[in-house]
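J.: Structure incoming, see below.
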Amino acid sequence: MTPAPMQRRGLRRSVRLFRAFLLEQTQPEVFYSTLASDSIALLREHTDLAGRTVLDVGAGPSEFARAFRAEGARYVPVDHDASVASVRDGGVVGDALRLPLADGSVDVVFSSNMWEHVPDPEAVADEMLRVTRRGGVVLLSYTNWLSPWGGHETSPWHWLGGERAIRRYERKHGHLPKNRVGETLHRVSVRQGLDWAKGADAQVLVARPRYLPDGCAALLRVPGLREVVTWNLLLVLRRR
């Protein structure tokens with residue numbers, strides 16, 4: 001089996017992903033199943049998955065586990081939380097800053113929407129690259145702070161200040177949000193990801209907004225604007 005041909009991702013796909021995203025809180029299985037299928041399709045363009053060891057760093061929803069295993073991959077989820085669904089089903093409890101794996105021990109490292117939740121994202125990305133074999137693939141995507149959804153459930157009020165957004169959420173809902181800036185959520189930027197990728201010992205295969213049409217990759221060349229309109233940065237790299 002060889003990697004699938006490159007596809008041109010247009011507006012129809014973006015609309016489908018956005019509609020699924022709107023169901024994240026009420027029907028999370030719909031959103032995560034849609035996102036998992038889309039992620040698999042993207043990875044197929046750069047590597048075979050059947051028989052490959054795939055490490056999911058910051059794993060969570062079981063929909064990703066099912067999707068990767070359906071492709072024939074040896075799926076290994078790792079998360080610091082032992083109660084996470086995918087970790088309970090054959091996963092590993094570990095710290096993303098010190099992954100409990102040997103150098104070059106996996107074929108594919110996948111990390112979706114985790115980078116913004118760690119205090120030292122570049123160190124985590126270095127760890128992901130460390131455990132990837134030469135010629136292996138790393139897919140990293142994350143929601144940047146200044147995007148419309150950068151505050152997660154406190155969005156878009158995070159644009160007026162992260163702490164203010166937390167207080168507003170608590171007044172409205174009677175409890176603190178799960179994602180609190182400076183604690184469980186951090187102010188990461190698009191520039192951080194691009195700078196890390198540029199300096200990594202890897203070939204950058206893809207750098208573009210994850211949910212937008214492929215043509216929107218040009219937005220990444222515009223400082224300032226890219227921080228607001230990117231929504232979620234997608235990076236795919238091949239380790240040298």
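Each chain in the structure tokens gets a letter, A, B, ..., in the order shown, and its residues are numbered from 1; ligands are numbered from 1 in order too.
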Which of stretch 5-224 of chain A end up as strand (DSSP E) when DSSP is run on this backbone - answer as a ChimeraX atom specification?

T.: /A:53-57,74-79,92-93,106-112,132-142,202-209

J.: Tell me which protein, DNA and RNA residues are within 6 Å of A:Ala165, counting only C-alpha atoms, leaving out same-chain ones fewer than 4 positions away, and put them as a ChimeraX atom specification.

T.: /A:154,157-158

J.: Can you spit out the residues from that selection as a CSV table (one decimal), in the first residue's frame, using all heavy atoms?

T.:
```csv
chain,number,residue,atom,x,y,z
A,154,THR,N,-14.5,29.7,27.0
A,154,THR,CA,-14.7,31.1,27.4
A,154,THR,C,-14.6,32.0,26.2
A,154,THR,O,-14.8,33.2,26.4
A,154,THR,CB,-13.6,31.5,28.4
A,154,THR,OG1,-12.3,31.5,27.7
A,154,THR,CG2,-13.5,30.6,29.6
A,157,TRP,N,-14.7,35.8,24.7
A,157,TRP,CA,-14.4,36.8,25.7
A,157,TRP,C,-13.0,36.8,26.1
A,157,TRP,O,-12.5,37.8,26.7
A,157,TRP,CB,-15.3,36.6,26.9
A,157,TRP,CG,-16.8,36.6,26.5
A,157,TRP,CD1,-17.6,35.5,26.3
A,157,TRP,CD2,-17.6,37.7,26.3
A,157,TRP,NE1,-18.8,35.9,26.0
A,157,TRP,CE2,-18.9,37.3,25.9
A,157,TRP,CE3,-17.3,39.1,26.3
A,157,TRP,CZ2,-19.9,38.1,25.6
A,157,TRP,CZ3,-18.4,40.0,25.9
A,157,TRP,CH2,-19.6,39.5,25.6
A,158,HIS,N,-12.2,35.8,25.7
A,158,HIS,CA,-10.8,35.8,26.0
A,158,HIS,C,-10.1,37.0,25.3
A,158,HIS,O,-9.0,37.4,25.7
A,158,HIS,CB,-10.1,34.5,25.6
A,158,HIS,CG,-10.1,34.3,24.1
A,158,HIS,ND1,-11.2,34.1,23.4
A,158,HIS,CD2,-9.1,34.2,23.2
A,158,HIS,CE1,-10.9,33.9,22.1
A,158,HIS,NE2,-9.6,33.9,22.0
```

J.: Name all residues at most 12 Å from A:Gly162 (count only C-alpha atoms; drop same-chain ones fewer than 6 positions away) and give them as a PyMOL selection string.

T.: chain A and resi 145-146+150-156+168-169+177+179-187

J.: Just write the chosen residues, N, CA and C atoms, as a compact mmCIF listing (two decimals), in the first residue's frame.

T.:
```txt
# COMPACT_ATOMS: atom_id res chain seq x y z
N TRP A 145 -4.01 31.11 20.67
CA TRP A 145 -4.72 31.92 21.65
C TRP A 145 -5.59 33.01 21.03
N LEU A 146 -5.12 33.68 20.00
CA LEU A 146 -5.85 34.80 19.44
C LEU A 146 -6.89 34.39 18.39
N GLY A 150 -9.71 30.59 20.77
CA GLY A 150 -8.50 30.44 21.57
C GLY A 150 -8.75 30.29 23.06
N GLY A 151 -9.87 30.81 23.54
CA GLY A 151 -10.21 30.67 24.95
C GLY A 151 -11.03 29.44 25.26
N HIS A 152 -11.22 28.60 24.23
CA HIS A 152 -12.04 27.40 24.35
C HIS A 152 -13.45 27.77 24.83
N GLU A 153 -13.92 27.21 25.92
CA GLU A 153 -15.31 27.47 26.31
C GLU A 153 -15.55 28.90 26.79
N THR A 154 -14.49 29.67 27.04
CA THR A 154 -14.66 31.07 27.42
C THR A 154 -14.64 32.00 26.21
N SER A 155 -14.46 31.46 25.01
CA SER A 155 -14.40 32.28 23.79
C SER A 155 -15.77 32.90 23.51
N PRO A 156 -15.80 34.06 22.86
CA PRO A 156 -14.67 34.90 22.41
C PRO A 156 -14.24 35.93 23.43
N ARG A 168 -16.19 35.86 33.90
CA ARG A 168 -17.50 35.94 33.25
C ARG A 168 -18.13 34.55 33.14
N TYR A 169 -17.32 33.57 32.77
CA TYR A 169 -17.84 32.20 32.66
C TYR A 169 -18.34 31.70 34.01
N PRO A 177 -14.40 27.36 34.42
CA PRO A 177 -14.25 26.59 33.19
C PRO A 177 -13.14 25.55 33.34
N ASN A 179 -10.93 24.93 31.04
CA ASN A 179 -9.74 25.51 30.43
C ASN A 179 -9.54 26.93 30.96
N ARG A 180 -8.52 27.09 31.82
CA ARG A 180 -8.25 28.37 32.47
C ARG A 180 -6.85 28.84 32.07
N VAL A 181 -6.79 30.01 31.46
CA VAL A 181 -5.51 30.51 30.97
C VAL A 181 -4.50 30.64 32.10
N GLY A 182 -3.28 30.20 31.84
CA GLY A 182 -2.23 30.22 32.84
C GLY A 182 -2.20 28.98 33.71
N GLU A 183 -3.26 28.15 33.63
CA GLU A 183 -3.31 26.92 34.42
C GLU A 183 -3.42 25.70 33.50
N THR A 184 -4.58 25.54 32.90
CA THR A 184 -4.79 24.39 32.00
C THR A 184 -4.83 24.81 30.54
N LEU A 185 -4.63 26.09 30.28
CA LEU A 185 -4.63 26.63 28.92
C LEU A 185 -3.57 27.71 28.85
N HIS A 186 -2.83 27.74 27.72
CA HIS A 186 -1.72 28.69 27.62
C HIS A 186 -1.79 29.48 26.31
N ARG A 187 -1.21 30.66 26.35
CA ARG A 187 -1.28 31.58 25.22
C ARG A 187 -0.24 31.21 24.16
```

J.: Report as a tab-separated table the residues of stretch 110-150 of chain A within 10 Å of stretch 60-78 of chain A, each with its shortest atom pair and distance in Å (one decimal), using only C-alpha atoms, ordered by chain and increasing residue number.

T.:
```
residue	atom	partner	partner_atom	distance
A:Phe110	CA	A:Pro77	CA	9.3
A:Ser111	CA	A:Pro77	CA	9.9
A:Ser112	CA	A:Gly60	CA	9.5
A:Met114	CA	A:Gly60	CA	9.8
```

J.: Using only C-alpha atoms, which of A:Val188, A:Arg226, A:Pro148, A:Gly136 sits nearest A:Arg240?

T.: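 Once distances to A:Arg240 are computed over only C-alpha atoms, the minimum belongs to A:Gly136.
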
J.: Do you have the atom CA of A:Gly224-atom CA of A:Leu237 distance handy?

T.: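 Atom CA of A:Gly224 sits 24.1 Å away from atom CA of A:Leu237.
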
J.: Using only C-alpha atoms, which residue out of A:Ser83, A:Pro119, A:Gly135, A:Leu176 lies closest to A:Ala96?

T.: A:Pro119

J.: Could you check how far atom CA of A:Tyr142 sits from atom CA of A:Val92, in Å to one decimal?

T.: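 Result for atom CA of A:Tyr142 versus atom CA of A:Val92: 21.5 Å, one decimal.
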
J.: Just want the 9 Å neighbourhood of A:Ile40, counted on only C-alpha atoms, with same-chain residues fewer than 2 positions away dropped. Output as a PyMOL selection string.

T.: chain A and resi 35-38+42-45+49+67-68+71

J.: Could you pull the residues within 9 Å of A:Asn113, counting only C-alpha atoms, minus those fewer than 6 positions along the same chain, as a PyMOL selection string?

T.: chain A and resi 58+140-143+232

J.: For a quick check of understanding, using only C-alpha atoms, which of A:Met128, A:Leu160, A:Leu234, A:Ala50 has the smallest distance to A:Leu101?

T.: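 Of A:Met128, A:Leu160, A:Leu234, A:Ala50, the one nearest A:Leu101 is A:Met128, counting only C-alpha atoms.
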
J.: At a cut-off of 9 Å, using only C-alpha atoms, what residues contact A:Gln203? Leave out same-chain residues fewer than 2 positions from it and give the result as a list of chain:residue names.

T.: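 Everything that qualifies: A:Ala197, A:Lys198, A:Ala200, A:Asp201, A:Leu205, A:Val236, A:Leu237, A:Arg238, A:Arg239, A:Arg240.
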
J.: How about saving the chosen residues, all heavy atoms kept, as a compact mmCIF listing (two decimals), in the first residue's frame?

T.:
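Final output, saved to selection-v2.txt:
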```
# COMPACT_ATOMS: atom_id res chain seq x y z
N ALA A 197 8.84 24.59 13.87
CA ALA A 197 8.96 23.72 12.70
C ALA A 197 10.16 24.10 11.84
O ALA A 197 10.87 23.23 11.30
CB ALA A 197 7.68 23.77 11.88
N LYS A 198 10.40 25.39 11.71
CA LYS A 198 11.52 25.87 10.90
C LYS A 198 12.85 25.41 11.46
O LYS A 198 13.78 25.10 10.71
CB LYS A 198 11.47 27.40 10.81
CG LYS A 198 12.54 28.01 9.93
CD LYS A 198 12.39 29.52 9.87
CE LYS A 198 13.48 30.15 8.98
NZ LYS A 198 13.33 31.64 8.93
N ALA A 200 13.30 22.70 13.43
CA ALA A 200 13.31 21.27 13.75
C ALA A 200 14.13 20.48 12.73
O ALA A 200 14.29 20.90 11.58
CB ALA A 200 11.88 20.74 13.80
N ASP A 201 14.63 19.35 13.17
CA ASP A 201 15.37 18.45 12.27
C ASP A 201 14.37 17.61 11.49
O ASP A 201 14.28 16.39 11.65
CB ASP A 201 16.31 17.56 13.09
CG ASP A 201 17.20 16.69 12.19
OD1 ASP A 201 17.37 17.04 11.01
OD2 ASP A 201 17.70 15.66 12.69
N LEU A 205 6.13 19.22 5.66
CA LEU A 205 5.30 18.77 4.55
C LEU A 205 4.06 19.62 4.39
O LEU A 205 3.60 19.88 3.28
CB LEU A 205 4.90 17.30 4.76
CG LEU A 205 6.03 16.30 4.94
CD1 LEU A 205 5.45 14.92 5.25
CD2 LEU A 205 6.92 16.24 3.72
N VAL A 236 2.57 19.21 9.52
CA VAL A 236 2.94 17.82 9.26
C VAL A 236 4.41 17.84 8.87
O VAL A 236 4.81 18.58 7.95
CB VAL A 236 2.09 17.18 8.16
CG1 VAL A 236 2.50 15.72 7.97
CG2 VAL A 236 0.61 17.28 8.49
N LEU A 237 5.21 17.05 9.56
CA LEU A 237 6.64 17.01 9.32
C LEU A 237 7.13 15.58 9.12
O LEU A 237 6.53 14.65 9.68
CB LEU A 237 7.41 17.63 10.49
CG LEU A 237 7.06 19.06 10.91
CD1 LEU A 237 6.04 19.05 12.04
CD2 LEU A 237 8.30 19.82 11.34
N ARG A 238 8.20 15.45 8.33
CA ARG A 238 8.86 14.15 8.20
C ARG A 238 10.25 14.26 8.81
O ARG A 238 11.06 15.10 8.41
CB ARG A 238 8.98 13.74 6.73
CG ARG A 238 9.47 12.30 6.57
CD ARG A 238 9.54 11.86 5.11
NE ARG A 238 8.29 12.04 4.40
CZ ARG A 238 7.25 11.20 4.47
NH1 ARG A 238 7.33 10.15 5.26
NH2 ARG A 238 6.16 11.43 3.78
N ARG A 239 10.52 13.40 9.79
CA ARG A 239 11.79 13.49 10.50
C ARG A 239 12.94 13.08 9.59
O ARG A 239 12.87 12.09 8.88
CB ARG A 239 11.79 12.61 11.74
CG ARG A 239 13.04 12.83 12.57
CD ARG A 239 13.18 11.92 13.75
NE ARG A 239 14.46 12.17 14.40
CZ ARG A 239 14.99 11.38 15.31
NH1 ARG A 239 14.36 10.30 15.71
NH2 ARG A 239 16.16 11.68 15.86
N ARG A 240 14.00 13.88 9.63
CA ARG A 240 15.20 13.57 8.85
C ARG A 240 16.05 12.55 9.57
O ARG A 240 16.03 12.45 10.78
CB ARG A 240 16.01 14.85 8.62
CG ARG A 240 15.31 15.87 7.72
CD ARG A 240 16.29 16.94 7.27
NE ARG A 240 15.66 17.84 6.33
CZ ARG A 240 15.17 19.04 6.64
NH1 ARG A 240 15.26 19.46 7.90
NH2 ARG A 240 14.63 19.81 5.74
```

J.: Select, from A:Ser147, A:Thr26, A:Gly215, A:Val190, the residue with the minimum atom-to-atom distance to A:Trp231, counting only C-alpha atoms.

T.: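 That would be A:Ser147, the residue with the smallest distance to A:Trp231.
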
J.: As a list in words, which residues of stretch 105-195 of chain A does DSSP assign to alpha helix (DSSP H)?

T.: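 Output for stretch 105-195 of chain A, alpha helix (DSSP H) only: Pro121, Glu122, Ala123, Val124, Ala125, Asp126, Glu127, Met128, Leu129, Arg130, Gly162, Glu163, Arg164, Ala165, Ile166, Arg167, Arg168, Tyr169, Glu170, Arg171, Lys172, His173, Val190, Arg191, Gln192, Gly193, Leu194 and Asp195 of chain A.
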
J.: Dump N, CA, C and O atoms for the selected residues as a CSV table (one decimal), in the first residue's frame?

T.:
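As written to disk, part_27.csv reads:
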```csv
chain,number,residue,atom,x,y,z
A,121,PRO,N,5.4,24.3,25.2
A,121,PRO,CA,5.0,23.5,24.0
A,121,PRO,C,6.1,23.1,23.1
A,121,PRO,O,6.1,22.0,22.5
A,122,GLU,N,7.1,24.0,22.9
A,122,GLU,CA,8.3,23.6,22.1
A,122,GLU,C,9.0,22.4,22.6
A,122,GLU,O,9.4,21.5,21.8
A,123,ALA,N,9.1,22.3,23.9
A,123,ALA,CA,9.8,21.1,24.5
A,123,ALA,C,9.0,19.8,24.3
A,123,ALA,O,9.5,18.7,24.0
A,124,VAL,N,7.6,19.9,24.3
A,124,VAL,CA,6.8,18.8,24.0
A,124,VAL,C,7.0,18.4,22.5
A,124,VAL,O,7.1,17.2,22.2
A,125,ALA,N,7.0,19.4,21.6
A,125,ALA,CA,7.2,19.1,20.2
A,125,ALA,C,8.6,18.4,20.0
A,125,ALA,O,8.7,17.5,19.1
A,126,ASP,N,9.6,18.8,20.7
A,126,ASP,CA,10.9,18.2,20.6
A,126,ASP,C,10.8,16.7,21.0
A,126,ASP,O,11.4,15.9,20.4
A,127,GLU,N,10.1,16.5,22.1
A,127,GLU,CA,9.9,15.1,22.5
A,127,GLU,C,9.2,14.2,21.5
A,127,GLU,O,9.5,13.1,21.2
A,128,MET,N,8.2,14.8,20.8
A,128,MET,CA,7.4,14.1,19.8
A,128,MET,C,8.4,13.7,18.6
A,128,MET,O,8.3,12.6,18.1
A,129,LEU,N,9.2,14.7,18.3
A,129,LEU,CA,10.2,14.4,17.2
A,129,LEU,C,11.2,13.4,17.6
A,129,LEU,O,11.6,12.5,16.8
A,130,ARG,N,11.6,13.4,18.9
A,130,ARG,CA,12.6,12.5,19.4
A,130,ARG,C,12.2,11.0,19.3
A,130,ARG,O,13.0,10.2,18.9
A,162,GLY,N,-7.9,37.0,29.3
A,162,GLY,CA,-8.2,35.6,29.7
A,162,GLY,C,-8.8,35.5,31.1
A,162,GLY,O,-9.7,34.7,31.3
A,163,GLU,N,-8.3,36.3,32.1
A,163,GLU,CA,-8.8,36.2,33.4
A,163,GLU,C,-10.2,36.8,33.5
A,163,GLU,O,-11.1,36.2,34.2
A,164,ARG,N,-10.5,37.8,32.7
A,164,ARG,CA,-11.8,38.4,32.7
A,164,ARG,C,-12.8,37.4,32.1
A,164,ARG,O,-13.9,37.3,32.6
A,165,ALA,N,-12.4,36.6,31.1
A,165,ALA,CA,-13.2,35.6,30.5
A,165,ALA,C,-13.6,34.5,31.5
A,165,ALA,O,-14.7,34.0,31.5
A,166,ILE,N,-12.6,34.2,32.3
A,166,ILE,CA,-12.8,33.1,33.3
A,166,ILE,C,-13.9,33.6,34.3
A,166,ILE,O,-14.8,32.9,34.7
A,167,ARG,N,-13.7,34.8,34.8
A,167,ARG,CA,-14.7,35.4,35.8
A,167,ARG,C,-16.1,35.5,35.2
A,167,ARG,O,-17.1,35.2,35.8
A,168,ARG,N,-16.2,35.9,33.9
A,168,ARG,CA,-17.5,35.9,33.2
A,168,ARG,C,-18.1,34.6,33.1
A,168,ARG,O,-19.3,34.4,33.4
A,169,TYR,N,-17.3,33.6,32.8
A,169,TYR,CA,-17.8,32.2,32.7
A,169,TYR,C,-18.3,31.7,34.0
A,169,TYR,O,-19.4,31.1,34.1
A,170,GLU,N,-17.6,32.0,35.1
A,170,GLU,CA,-18.0,31.5,36.4
A,170,GLU,C,-19.3,32.2,36.8
A,170,GLU,O,-20.2,31.5,37.4
A,171,ARG,N,-19.4,33.5,36.6
A,171,ARG,CA,-20.7,34.1,36.9
A,171,ARG,C,-21.9,33.5,36.2
A,171,ARG,O,-23.0,33.3,36.7
A,172,LYS,N,-21.7,33.2,34.9
A,172,LYS,CA,-22.8,32.7,34.1
A,172,LYS,C,-23.1,31.2,34.4
A,172,LYS,O,-24.3,30.9,34.5
A,173,HIS,N,-22.1,30.4,34.7
A,173,HIS,CA,-22.4,29.0,34.8
A,173,HIS,C,-22.3,28.5,36.3
A,173,HIS,O,-22.7,27.3,36.6
A,190,VAL,N,0.5,31.2,16.5
A,190,VAL,CA,0.8,30.6,15.2
A,190,VAL,C,2.3,30.7,15.0
A,190,VAL,O,3.0,29.8,14.5
A,191,ARG,N,2.9,31.8,15.3
A,191,ARG,CA,4.3,32.1,15.1
A,191,ARG,C,5.2,31.0,15.8
A,191,ARG,O,6.2,30.6,15.3
A,192,GLN,N,4.8,30.7,17.1
A,192,GLN,CA,5.5,29.7,17.8
A,192,GLN,C,5.6,28.4,17.1
A,192,GLN,O,6.7,27.8,17.0
A,193,GLY,N,4.5,27.9,16.6
A,193,GLY,CA,4.5,26.6,15.8
A,193,GLY,C,5.4,26.7,14.6
A,193,GLY,O,6.2,25.8,14.3
A,194,LEU,N,5.3,27.8,13.8
A,194,LEU,CA,6.0,27.9,12.6
A,194,LEU,C,7.5,28.1,12.9
A,194,LEU,O,8.4,27.5,12.2
A,195,ASP,N,7.9,28.8,13.9
A,195,ASP,CA,9.3,28.9,14.3
A,195,ASP,C,9.9,27.6,14.8
A,195,ASP,O,11.0,27.3,14.4
```
